[in-house]
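A.B. asks: Here's a structure for you.
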Amino acid sequence: MREFATFEERLSVWTTDAMKSVFGLEDTDVHLGVTPTNNDKFGDYQCNAAMMLAKPLKKAPRQIAQEFVDAAELPDFVEKIDIAGPGFINFFLSNAALAEHVESLERDPHLGAEQVGQGKTVIVDYSSPNVAKPMHIGHIRSTVIGNAIDRLYRFLGYNVVADNHLGDWGTQFGLMMVGFRNFVNEEALAEAPVEELERIYVESYNKSKEDASWRELAKSELVKLQQGDAENRALWEKFIELSIEEFNTIYDRLGVKFDLYRGESFYNDRLPKMIEALEGRGLAKESDGALIVDLEEDGMPICIVRKSDGGYNYATTDLATVEARMEEFDPDRIIYVTDERQQLHFKQFFKISEKLGMDANLVHVWFGLMRLPEATFSTREGNVIKLAALLDEAEARALEMVKASSPDMPEAQQKDLAMAIGIGAIKYTDLSQNPQSLVTFTWEKALNMEGNSAPYLQYAYARISSVYDKYHAQFPKTELSGCSINIEHEIERRLAIKLSRFPAAIRGAAENYRPNILADYLYELAQTYSSFYQNVPFLKAEEGVRESRIRLCRSTAATLKQGLDLLGIETRERI
RNA sequence: GCGCCCAUAGUUCAAUGGAUAGAAUAGUGGCCUCCGAAGCCAUAGAUACAGGUUCGACUCCUGUUGGGCGCACCA
């Protein structure tokens, strides 16, 4: 058993062994471990094996439970064991063991979370905006959810490669080239480069619809670019450079960092070989001039890997990307974070990758579309909300709140706080719900700062910091780590149990690619703390009790801070 | 037409097949002489519909209704 093993792990190992020995079970599919209870009255953990074993053992569940309880010798951290209802076996942890465990977590930089990723590499492919298009609120989910997954896996010890797979290649660049040379407004370009690039694209696109010679010109410029023409290449690189620069200002504001910015173009050279591989394995065939992979036997529509004009598309690029990533990083897993519309595409190219014999573990983490109450976002409708505008608005609203509640704070600090709170609120809104739900955007929801929200958690953290500082001012000589935690009050116990469950929240969030599991946990932890704070005195408690409670505060602060950091949400000692 | 996803309090969201479906917000009623009221305590309110599987179903299966999305050269 590892040093900071959770009670759930320890108990599960114990119940599994004990069940096997008491009932002479060898191999069984029945889950013999424990799960957390959802009600204090049923103890801290429950084992449901008795019900599940009724059939194979041909005995009544309660009888099984009773025989188990009679025969088994309790581990020392269990205070009491109970049989309830149809045959639930409930475990009550001892307060002393609980207190000791919480104390010990202070020595673990990972707060009890097992380093399951040691020696493993994971590539997380997320955000992936298109060059020459401003990021809008549709990009927030991939960026924020992807970044949380990135952080979670790093925390679990994985070597994470965060890759921003930019949309930097494709037919639109022909139109961009001719458009730029004809309609660029240098002032606008200096002011807001990507917005201007988008404007140029739209104008050029509109012109192409009416003007056949314009279309021809765009096409020939595209071919020149593809053939490596120096001038077009330079212009294309300029588009990318301007775009990345602007994306980075957004990423900086969001606290998002990538290890790589490898656009689709990075894999261009591999595309012909990829087609050869498909043909060599007899996977690809001609159809209406295009080269396709027939996936009918796999229950999917055909997948085009080379267009009838000889160009390659999405699927081919993604296959080549997998191949390149396998060669360079040999990852244990590649995680793609995109919206739900791409499910079929990913299923198709995952299948083709398998058929090609690429031994890649590919995971598509999809999230629900973001839409407006009345319609989906579209450039044509002109209802797109830019990501930068959303962040501005969040910070402005947060600043208003900060000024109202802390009018005497220096302005620079107010602004810094407003940033942490505003950005935190936006992120938390997205991270606190199941990623797969469809989201209807409203300002009110996106910038929620009341109730179950980032500011609630940040407030709880700041309040603890304040208590902690006051303690040190009043009792500067006491060495806290030398004082033990004693659990006597009910609310202390609830808080300690919550603290001990942090690793489960982390694992659940990471393994299911659902940061909301962690967000839920943190909210519950903060609620439990608030109740603790309200119901028992800390600084005015008698010596000993006081130190014990301050240590619980310290653990809570560390857990909140770490958890919020994994969601990419910043904390401040004073708000 | 085929396929994927979704439906939980008035509203916005939770709930690895487990016990009495949790929060927030809006409503009502309390709590600053006391560690920060961005808070706490109390109260009321929900599983679309019809079947099925199971000791046990919001969760799994089938059907219905209502929504979102995808399905040959856009990524």
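Every chain in the structure tokens takes a letter, A first, then B, and so on in the order presented; its residues are numbered from 1, and the ligands are numbered from 1 following the presented order.
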Using only C-alpha atoms (C1' of nucleotides), find which residues of chain A lie within 7 Å of chain B and jot them down as a short mmCIF file (atom, residue, chain, number, x, y, z; two decimals) with C-alpha atoms, in the first residue's frame.
C.D. replies:
```cif
data_model
loop_
_atom_site.label_atom_id
_atom_site.label_comp_id
_atom_site.auth_asym_id
_atom_site.auth_seq_id
_atom_site.Cartn_x
_atom_site.Cartn_y
_atom_site.Cartn_z
CA MET A 51 -26.40 -8.06 -2.62
CA GLY A 85 -31.23 -2.13 4.50
CA ALA A 290 -11.96 10.99 -55.11
CA PRO A 301 -20.22 6.42 -44.00
CA ILE A 304 -12.65 10.89 -48.22
CA LYS A 307 -10.32 14.98 -53.08
CA SER A 308 -11.02 14.63 -56.77
CA TYR A 314 -8.99 16.65 -42.68
CA ARG A 341 -20.01 17.99 -34.36
CA GLN A 433 -21.04 21.47 -15.64
CA GLY A 451 -23.76 31.10 -5.29
CA ASN A 452 -22.03 28.16 -6.94
CA PRO A 455 -15.88 33.94 -6.48
CA TYR A 456 -17.56 31.84 -3.80
CA TYR A 459 -13.88 34.13 -1.13
CA ARG A 463 -11.29 34.14 4.38
CA VAL A 467 -7.91 33.67 9.73
CA SER A 531 -20.34 25.93 7.73
CA GLN A 534 -19.72 29.80 10.98
CA PRO A 537 -14.76 29.47 16.98
CA PHE A 538 -11.12 29.18 15.90
CA LEU A 539 -9.06 31.97 17.41
#
```
A.B. asks: Please run DSSP on the backbone and report, as a list in words, all residues within region 42-226 of chain A that come out as strand (DSSP E).
C.D. replies: Tyr45, Gln46, Cys47, Val78, Glu79, Lys80, Ile81, Asp82, Ile83, Ala84, Phe88, Ile89, Asn90, Phe91, Phe92, Leu93, Thr121, Val122, Ile123, Val124, Asp125, Asn159, Val160, Val161, Ala162 and Asp163 of chain A
A.B. asks: How many Å separate CA of Lys58 (chain A) from C1' of G17 (chain B)?
C.D. replies: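 For CA of Lys58 (chain A) relative to C1' of G17 (chain B), the distance reads 21.1 Å.
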A.B. asks: Would you mind reading off the distance between CA of Pro109 (chain A) and CA of Thr6 (chain A), one decimal, in Å?
C.D. replies: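 Separation between CA of Pro109 (chain A) and CA of Thr6 (chain A): 14.8 Å.
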A.B. asks: Compare A:Ala496, A:Ile575, A:Ala557, A:Val545 by their minimum atom-to-atom distance to Asp416 (chain A), counting only C-alpha atoms, and give me the closest one.
C.D. replies: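 Ranked by minimum distance to Asp416 (chain A), first place goes to A:Ile575.
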A.B. asks: Leaving out region 195-210 of chain A and any residue of its chain fewer than 3 positions from it, which residues lie within 6 Å of it when counting only C-alpha atoms (C1' of nucleotides), given as a CSV table (one decimal) with C-alpha atoms, in the first residue's frame?
C.D. replies:
```
chain,number,residue,atom,x,y,z
A,132,ALA,CA,-6.8,34.6,-39.5
A,133,LYS,CA,-10.0,34.3,-37.6
A,134,PRO,CA,-10.5,35.9,-34.2
A,175,LEU,CA,-8.6,33.9,-51.1
A,176,MET,CA,-6.6,35.4,-48.3
A,179,GLY,CA,-7.7,39.6,-50.7
A,189,LEU,CA,-4.1,45.7,-39.5
A,192,ALA,CA,-6.5,44.6,-34.7
A,214,TRP,CA,-11.1,36.3,-58.9
A,215,ARG,CA,-11.7,32.6,-58.1
```
A.B. asks: In region 320-434 of chain A, what's alpha helix (DSSP H) per DSSP? Answer as a VMD selection string?
C.D. replies: chain A and resid 320 to 329 343 to 355 387 to 405 411 to 431
A.B. asks: Between CA of Ser432 (chain A) and CA of Gly138 (chain A), what distance in Å does the model show, to one decimal?
C.D. replies: 17.0 Å
A.B. asks: Contacts of G51 (chain B) at 12 Å or less, counting only C-alpha atoms (C1' of nucleotides), minus same-chain residues fewer than 6 places along, as a list in words?
C.D. replies: C61, U62, G63 and U64 of chain B
A.B. asks: Residues as selected, C-alpha atoms (C1' of nucleotides), written as a PDB file, in the first residue's frame, can you do that?
C.D. replies:
```pdb
ATOM      1  C1'   C B  61     -32.775  -1.765 -23.039  1.00  0.00           C
ATOM      2  C1'   U B  62     -37.262  -0.883 -26.488  1.00  0.00           C
ATOM      3  C1'   G B  63     -40.862   2.499 -28.224  1.00  0.00           C
ATOM      4  C1'   U B  64     -43.253   7.600 -28.241  1.00  0.00           C
TER       5        U B  64
END
```
A.B. asks: Quick one: everything within 9 Å of region 57-60 of chain B, counting only C-alpha atoms (C1' of nucleotides), minus sequence neighbours fewer than 2 positions away in the same chain. Send it as JSON, numbers by chain.
C.D. replies: {"B": [8, 15, 17, 21, 47, 53, 54]}
A.B. asks: Take the residues just selected and output them with N, CA and C atoms (P, O5', C5', C4', C3', O3' and C1' of nucleotides) as a compact mmCIF listing (two decimals), in the first residue's frame.
C.D. replies:
```txt
# COMPACT_ATOMS: atom_id res chain seq x y z
P U B 8 -34.97 18.73 -18.23
O5' U B 8 -34.94 17.84 -16.90
C5' U B 8 -36.09 17.10 -16.52
C4' U B 8 -36.00 16.76 -15.06
C3' U B 8 -35.89 17.96 -14.14
O3' U B 8 -37.15 18.51 -13.85
C1' U B 8 -34.24 16.38 -13.55
P A B 15 -23.32 14.62 -12.78
O5' A B 15 -23.88 13.69 -11.59
C5' A B 15 -23.06 13.40 -10.46
C4' A B 15 -23.88 12.68 -9.43
C3' A B 15 -24.51 11.36 -9.90
O3' A B 15 -23.63 10.27 -9.74
C1' A B 15 -26.17 12.70 -8.89
P G B 17 -22.71 4.12 -13.56
O5' G B 17 -23.97 3.88 -12.64
C5' G B 17 -24.83 2.83 -12.92
C4' G B 17 -25.75 2.66 -11.74
C3' G B 17 -25.07 2.08 -10.51
O3' G B 17 -25.80 2.49 -9.36
C1' G B 17 -26.78 0.65 -11.21
P A B 21 -35.41 11.04 -2.24
O5' A B 21 -34.18 11.81 -2.88
C5' A B 21 -32.91 11.21 -3.00
C4' A B 21 -32.12 11.92 -4.06
C3' A B 21 -32.24 13.44 -4.03
O3' A B 21 -31.29 13.99 -3.13
C1' A B 21 -32.59 12.67 -6.22
P U B 47 -41.46 14.64 -10.80
O5' U B 47 -40.10 13.95 -11.27
C5' U B 47 -40.02 13.24 -12.49
C4' U B 47 -38.71 13.57 -13.17
C3' U B 47 -38.34 12.62 -14.32
O3' U B 47 -37.67 13.39 -15.31
C1' U B 47 -36.62 12.63 -12.73
P U B 53 -39.23 -7.62 -17.09
O5' U B 53 -37.65 -7.41 -17.14
C5' U B 53 -36.86 -8.10 -18.09
C4' U B 53 -35.41 -7.72 -17.92
C3' U B 53 -34.86 -7.85 -16.51
O3' U B 53 -34.48 -9.19 -16.21
C1' U B 53 -34.21 -5.77 -17.41
P U B 54 -34.88 -9.82 -14.79
O5' U B 54 -34.04 -8.94 -13.77
C5' U B 54 -32.61 -9.00 -13.78
C4' U B 54 -32.06 -8.03 -12.77
C3' U B 54 -32.66 -8.14 -11.38
O3' U B 54 -32.04 -9.18 -10.63
C1' U B 54 -32.57 -5.87 -12.03
```
